[in-house]
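Undergrad: Have a look at this one.
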Number of protein chains: 4
Amino acid sequence: MTRVGIVGASGYTGEELARIIVRHPEVELTVATSRQFAGRKLGEVFPNLRDLVDITLENAGPDEIIDRADLIFTAVPHQTAMDIVPKFLDAGRKVVDLSADFRISDAAVYEKWYQAHSAPDYLSRAVYGLPELYREKIKKTSLVANPGCYPTSIILGAAPLLKAGLIDAATIVADSKSGASGAGRGALVGSLFCEVSDGFRAYKVGEHRHTPEIEQELSLLSDRQVIISFTPHLLPIARGILSTVYASLREGVDAAQVASVYEEFYRDERFVRLWPAGTYPATQYVRGSNFCDIGFKVDPRTGRIVILSAIDNLIKGAAGQAIQNMNLVCGFDEDEGLGTVPLFP
Amino acid sequence: MTRVGIVGASGYTGEELARIIVRHPEVELTVATSRQFAGRKLGEVFPNLRDLVDITLENAGPDEIIDRADLIFTAVPHQTAMDIVPKFLDAGRKVVDLSADFRISDAAVYEKWYQAHSAPDYLSRAVYGLPELYREKIKKTSLVANPGCYPTSIILGAAPLLKAGLIDAATIVADSKSGASGAGRGALVGSLFCEVSDGFRAYKVGEHRHTPEIEQELSLLSDRQVIISFTPHLLPIARGILSTVYASLREGVDAAQVASVYEEFYRDERFVRLWPAGTYPATQYVRGSNFCDIGFKVDPRTGRIVILSAIDNLIKGAAGQAIQNMNLVCGFDEDEGLGTVPLFP
Amino acid sequence: MTRVGIVGASGYTGEELARIIVRHPEVELTVATSRQFAGRKLGEVFPNLRDLVDITLENAGPDEIIDRADLIFTAVPHQTAMDIVPKFLDAGRKVVDLSADFRISDAAVYEKWYQAHSAPDYLSRAVYGLPELYREKIKKTSLVANPGCYPTSIILGAAPLLKAGLIDAATIVADSKSGASGAGRGALVGSLFCEVSDGFRAYKVGEHRHTPEIEQELSLLSDRQVIISFTPHLLPIARGILSTVYASLREGVDAAQVASVYEEFYRDERFVRLWPAGTYPATQYVRGSNFCDIGFKVDPRTGRIVILSAIDNLIKGAAGQAIQNMNLVCGFDEDEGLGTVPLFP
Amino acid sequence: MTRVGIVGASGYTGEELARIIVRHPEVELTVATSRQFAGRKLGEVFPNLRDLVDITLENAGPDEIIDRADLIFTAVPHQTAMDIVPKFLDAGRKVVDLSADFRISDAAVYEKWYQAHSAPDYLSRAVYGLPELYREKIKKTSLVANPGCYPTSIILGAAPLLKAGLIDAATIVADSKSGASGAGRGALVGSLFCEVSDGFRAYKVGEHRHTPEIEQELSLLSDRQVIISFTPHLLPIARGILSTVYASLREGVDAAQVASVYEEFYRDERFVRLWPAGTYPATQYVRGSNFCDIGFKVDPRTGRIVILSAIDNLIKGAAGQAIQNMNLVCGFDEDEGLGTVPLFP
């Protein structure tokens with residue numbers, strides 16, 4: 001059994017990692033940290049795990065974690081991650097980092113959107129953890145930069161078309177809608193039930209920190225510098241992201257051609273499901289699973305394509321993808337622990 | 001007291017009309033029709049109205065309605081409206097039609113998106129009922145074509161910029177999200193709580209029938225033929241629409257210029273609220289009111305503007321706007337009956 | 001115009017008071033306090049009030065408030081209220097206190113459930129602010145102890161039967177369910193959207209502080225010491241309380257007798273709506289209104305009656321009832337400002 | 001592989017059965033029937049199953065089903081089940097019936113609450129499918145009457161105390177709250193999102209058909225005729241039931257004694273989780289799992305106990321329990337296919 005640790009286990013992503021790990025046949029959760037809840041059982045902090053996950057949260061330092069885990073998930077805020085990840089790597093541990101700290105390969109870009117990077121030398125060692133794009137590289141790395149939730153939905157939705165050159169990258173508009181778990185378990189007025197339920201709003205319009213990450217990957221796919229409009233919105237649901245992505249199609253491209261490009265690109269992917277013409281994915285059909293569901297509409301009136309891409313933000317958008325990456329890094333079956341059929345209704 | 005009738009009072013829009021009318025000092029509800037619920041009290045069919053609205057639904061024909069009402073709201077499906085509205089007009093009644101039948105001034109366009117029009121001669125008598133654009137015309141007409149819910153939010157959001165020529169109309173993308181009441185009270189599997197709650201999906205992508213109505217008005221505002229991308233989505237809330245509208249700004253246009261155009265355009269409008277820079281409207285802040293709240297973000301990175309426009313789809317997007325139109329047609333104060341402060345949380 | 005002040009205007013109850021006051025023809029909001037948001041406009045803190053309520057929150061002390069308001073709503077936590085209310089009264093101001101501090105007439109009982117009372121001498125000056133029970137006393141008092149939300153629903157539901165001696169007070173079980181706004185706008189993990197939505201739980205079973213208040217009033221009504229089982233639950237809705245109250249009927253009491261007792265008791269009450277046999281109230285039918293809707297089922301199998309009582313917890317359960325009390329204290333029409341028809345859906 | 005069939009696979013219970021079966025290592029879904037959706041893939045009717053469950057719904061008759069399945073789940077309305085179940089049994093098939101038709105052992109009681117029974121001779125062959133009470137009998141039967149959702153939560157909550165004689169059965173009040181999936185996927189106005197969301201109501205007060213089933217089992221447990229008050233309510237959530245059960249404790253019984261009775265009774269049960277003193281179960285902590293979570297409060301003030309019992313109504317309250325019963329009937333591990341950790345948030 002591979003020993004795994006979770007740094008930052010008292011957030012929703014940490015909980016979700018634990019929830020998956022407890023049913024994963026190849027790994028064992030040996031350490032789970034939390035400053036706020038140190039000394040309490042994870043099954044008390046998250047009562048859904050009661051009697052199922054027998055681990056006590058602790059305020060363990062890096063050395064202790066290194067002693068007790070072979071692979072470490074860092075589910076902490078950006079800036080915190082870049083302080084500890086190098087220690088884990090230097091000690092020979094494998095890391096799947098769920099923060100943003102190692103996703104942006106260009107430290108200057110990172111600094112522009114976040115703050116100065118304290119471990120820029122480690123950036124080149126990180127592989128962006130989108131298995132559908134970087135599977136072979138992930139298998140060989142010891143540091144996976146697990147993608148953001150919005151980027152996962154948008155990049156997987158747009159990748160085949162950009163790669164095939166079917167759309168004009170300069171025209172991309174990504175209008176994304178996320179469930180409230182994306183904001184985490186922090187006690188903020190803006191996350192209260194009464195502020196979120198029965199309502200809908202946009203936030204950080206044109207300024208969300210996932211933007212450079214999306215642009216980096218779309219640029220690599222299209223081999224040119226891509227700048228996009230990205231607007232996140234807050235849905236009154238707990239889990240799920242639906243991204244609606246607009247782009248102008250190259251002259252003469254039709255729906256059949258688009259469909260065949262998608263099918264080719266995702267032929268062997270077990271976590272991407274393509275929706276037939278005229279049907280569209282929805283967050284409720286991926287709930288609780290590691291799927292990314294993709295559909296599209298070619299609109300001859302406008303010459304644009306509209307891509308719909310749905311994930312469970314806590315799974316394919318965070319913990320599930322992290323497990324998928326762990327599976328690759330550790331040589332397990334890629335879907336080990338990720339077999340949940342979406343829960344509906 | 002002006003006597004008013006509601007044709008089709010057993011839907012959510014009909015109910016909302018009755019809810020407003022009962023507190024309106026200038027009018028009296030004298031007839032309310034429903035085939036399905038004929039013989040039942042409106043306050044039984046909508047128990048929120050219990051003891052407050054004393055009217056029995058009936059299966060009344062046009063002649064009866066003409067006898068008993070001076071102004072008639074037709075809250076029926078398209079195609080049904082165009083069969084009865086001419087009768088009301090011919091009998092000298094005033095009509096606020098909440099269907100789509102008289103919104104599209106070009107019968108050929110109507111036919112393309114709906115079906116053949118049975119009363120094309122009456123189209124020219126209809127005024128598109130957006131008071132912020134057509135107040136003076138509405139005051140003089142006897143047939144108001146009450147706008148659709150999506151169009152209200154999108155047109156009010158984009159109008160000032162199109163009128164001022166600040167955006168490129170060819171680049172407009174309207175990504176709209178609506179609460180479930182927009183689908184009406186019909187018993188459809190797709191509208192069930194279990195299908196809608198805790199989920200989010202797009203529908204009729206690039207094909208929604210509100211498209212020609214939006215394009216007609218945006219074309220008139222910009223004095224050129226406008227074709228837009230319009231994607232409706234279904235939110236797990238009962239009331240509210242938020243439209244996120246994207247367009248490329250004309251070279252050199254900045255946020256201050258945009259703000260001043262909006263302020264100028266809506267200076268005297270009591271039902272449009274502009275949000276200051278950096279803040280964005282939300283459906284929960286207009287709930288239960290006739291407001292359209294508008295905010296925007298100028299994004300220098302992409303050269304685009306993102307407009308956020310929020311309404312309560314049953315009020316400013318339907319019944320409230322219909323009352324506003326009635327007030328204009330009848331010479332009442334424009335905000336009579338519409339003073340509700342938004343209900344939050 | 002009577003000048004009114006709100007102490008503690010940044011909570012949901014304070015906001016709701018302001019929302020009602022702004023449409024009330026007899027009063028004017030002259031001072032609204034908040035420590036946390038001092039210096040900010042109320043319409044920024046609650047954007048639904050944008051452009052409608054023009055007041056800036058301030059950290060005003062009692063003397064300032066006394067100078068500027070004739071009647072003061074204290075919408076602060078218990079313990080805070082009893083420190084300031086005496087000052088307002090001593091200065092000749094009228095007070096509607098929305099805390100628990102003056103609801104319990106027996107200081108020893110208060111101390112048992114809360115803590116020691118610092119102003120026990122003022123207890124006898126307070127009138128319990130349930131107009132349906134104490135209208136005449138309220139009209140003459142300068143201190144109204146506005147009832148708790150749960151107590152309002154339960155007492156109004158049970159009062160007629162206790163008064164008429166139709167039920168056995170020793171058998172009362174009150175199973176209540178409240179929307180999340182009852183927990184206030186404090187940033188607590190337990191109030192987050194992700195913790196409340198799509199879920200349901202009981203809390204403070206048998207220990208909720210509204211218990212002594214309910215028991216006090218039920219005891220007065222039945223002229224004996226009443227002890228009840230009271231279980232509050234948290235609903236995934238923002239507004240609304242439904243209380244399901246069980247009690248054994250006196251031998252031989254039938255549904256017709258019960259119905260006539262209710263009708264008699266509430267004959268002239270404009271804010272109580274009785275539901276006919278076989279139908280039951282629901283929170284969604286009182287949303288946004290000051291109504292208490294009551295229905296019941298006599299169950300001959302068990303000899304028990306089941307009473308269903310629904311209110312909007314922020315209105316009849318808090319701010320609306322406070323306005324109703326203000327109307328009585330100030331000699332305004334009792335329903336002034338409270339005419340909102342319930343908002344459904 | 002055991003071949004299993006689902007009669008009535010287009011409802012939420014049928015879907016849930018398929019969802020579990022597809023991950024169950026011992027069985028194979030060979031036939032799934034639906035009149036309404038015959039000819040369509042199950043993965044189209046329930047898009048969460050897309051690409052995962054490869055079966056086409058068909059309007060198969062009993063003979064066809066008998067040919068192709070060894071064990072049959074009948075997920076059809078009552079009255080329909082009693083017409084087909086005898087045929088399956090006569091042909092030597094095993095049946096887990098999810099309808100009410102074989103739950104009530106006394107045909108006269110069944111007739112009083114439902115209608116006349118057309119197969120009374122088969123009643124004695126049915127075992128009530130609550131494994132925690134009837135495990136050994138279930139293992140030996142060919143007809144399991146799968147319990148109703150409300151009864152499962154109430155009976156499991158009350159059983160240990162009745163069996164141990166700690167409560168007075170004559171005082172039981174069961175106040176239950178269920179998610180909307182309990183009403184099925186039928187297109188009814190009362191089940192629409194706009195009717196259910198942001199609201200709460202009771203229904204069939206004192207008249208719900210699950211009453212005789214609950215009373216039958218509580219009577220058997222307490223060895224006397226038990227009559228209870230049972231009030232179902234509709235929660236604005238998709239999944240989950242929380243039952244709050246009240247009863248008078250026998251003189252002198254304290255919390256420690258109650259706790260030890262529960263622990264003893266459920267010591268070896270893998271699907272019952274007991275909550276420690278002062279904490280209470282919630283529907284969100286059992287979501288997606290086969291658990292029944294139970295907590296309680298002994299209230300010395302009233303001499304009553306309050307029991308809180310939470311299940312996922314579609315799993316432990318329907319499909320999960322049916323699979324658990326199938327596992328017993330077929331000699332598989334009892335928890336095969338039922339290992340899902342509850343999904344939260």
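Just so we're on the same page: first chain in the structure tokens is A, next is B, and so on; residues restart at 1 for each chain, and ligands are numbered from 1 in the order they show up.
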Which residues of chain D are close to chain B, meaning at most 9 Å apart when you count only C-alpha atoms, and how do they look as a list in words?
TA: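 Output check: Gly179, Ala180, Ser181, Gly184, Arg185, Gly186, Ala187, Leu188, Val189, Gly190, Ser191, Leu192, Phe193, Cys194, Glu195, Val196, Ser197, Asp198, Pro236, Ile237, Ala238 and Arg239 of chain D.
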Undergrad: Residues of region 138-185 of chain C classed as alpha helix (DSSP H) by DSSP on the backbone are to be reported as a list in words.
TA: Ile138, Lys139, Lys140, Cys149, Tyr150, Pro151, Thr152, Ser153, Ile154, Ile155, Leu156, Gly157, Ala158, Ala159, Pro160, Leu161, Leu162 and Lys163 of chain C
Undergrad: Any chance you could export the current selection's N, CA and C atoms as a compact mmCIF listing (two decimals), in the first residue's frame?
TA:
# COMPACT_ATOMS: atom_id res chain seq x y z
N ILE C 138 -50.62 46.33 24.02
CA ILE C 138 -49.54 46.85 23.17
C ILE C 138 -49.78 48.32 22.84
N LYS C 139 -51.04 48.63 22.59
CA LYS C 139 -51.36 50.02 22.23
C LYS C 139 -50.93 51.01 23.31
N LYS C 140 -50.87 50.51 24.55
CA LYS C 140 -50.62 51.44 25.65
C LYS C 140 -49.19 51.39 26.18
N CYS C 149 -39.42 33.95 16.44
CA CYS C 149 -40.05 33.44 15.22
C CYS C 149 -40.76 32.12 15.48
N TYR C 150 -40.07 31.17 16.10
CA TYR C 150 -40.72 29.89 16.40
C TYR C 150 -41.93 30.10 17.30
N PRO C 151 -41.79 30.86 18.40
CA PRO C 151 -42.95 31.07 19.27
C PRO C 151 -44.15 31.65 18.52
N THR C 152 -43.92 32.62 17.64
CA THR C 152 -45.05 33.19 16.92
C THR C 152 -45.85 32.11 16.21
N SER C 153 -45.14 31.23 15.50
CA SER C 153 -45.86 30.21 14.73
C SER C 153 -46.57 29.22 15.65
N ILE C 154 -45.92 28.84 16.70
CA ILE C 154 -46.49 27.81 17.58
C ILE C 154 -47.64 28.37 18.43
N ILE C 155 -47.43 29.55 19.00
CA ILE C 155 -48.47 30.12 19.88
C ILE C 155 -49.73 30.44 19.09
N LEU C 156 -49.55 31.07 17.91
CA LEU C 156 -50.74 31.38 17.12
C LEU C 156 -51.46 30.10 16.69
N GLY C 157 -50.70 29.05 16.44
CA GLY C 157 -51.31 27.80 16.03
C GLY C 157 -52.10 27.15 17.15
N ALA C 158 -51.58 27.23 18.36
CA ALA C 158 -52.20 26.48 19.47
C ALA C 158 -53.16 27.31 20.32
N ALA C 159 -53.04 28.63 20.27
CA ALA C 159 -53.78 29.50 21.20
C ALA C 159 -55.29 29.24 21.26
N PRO C 160 -55.97 29.20 20.12
CA PRO C 160 -57.43 29.05 20.21
C PRO C 160 -57.85 27.77 20.93
N LEU C 161 -57.11 26.70 20.67
CA LEU C 161 -57.50 25.41 21.26
C LEU C 161 -57.20 25.36 22.74
N LEU C 162 -56.09 25.95 23.14
CA LEU C 162 -55.76 25.99 24.56
C LEU C 162 -56.76 26.86 25.30
N LYS C 163 -57.03 28.01 24.73
CA LYS C 163 -57.97 28.96 25.34
C LYS C 163 -59.35 28.30 25.53
Undergrad: If DSSP is run on the backbone, what residues of region 92-266 of chain A are strand (DSSP E)? A reply as an NGL selection string would be ideal.
TA: :A and (94-97 or 126-128 or 143-145 or 173-178 or 201-202 or 229-234 or 241-248)
Undergrad: Report as a count of residues only all protein, DNA and RNA residues lying within 9 Å of region 333-343 of chain A, evaluated on only C-alpha atoms, omitting residues in the same chain fewer than 4 positions from it.
TA: 34
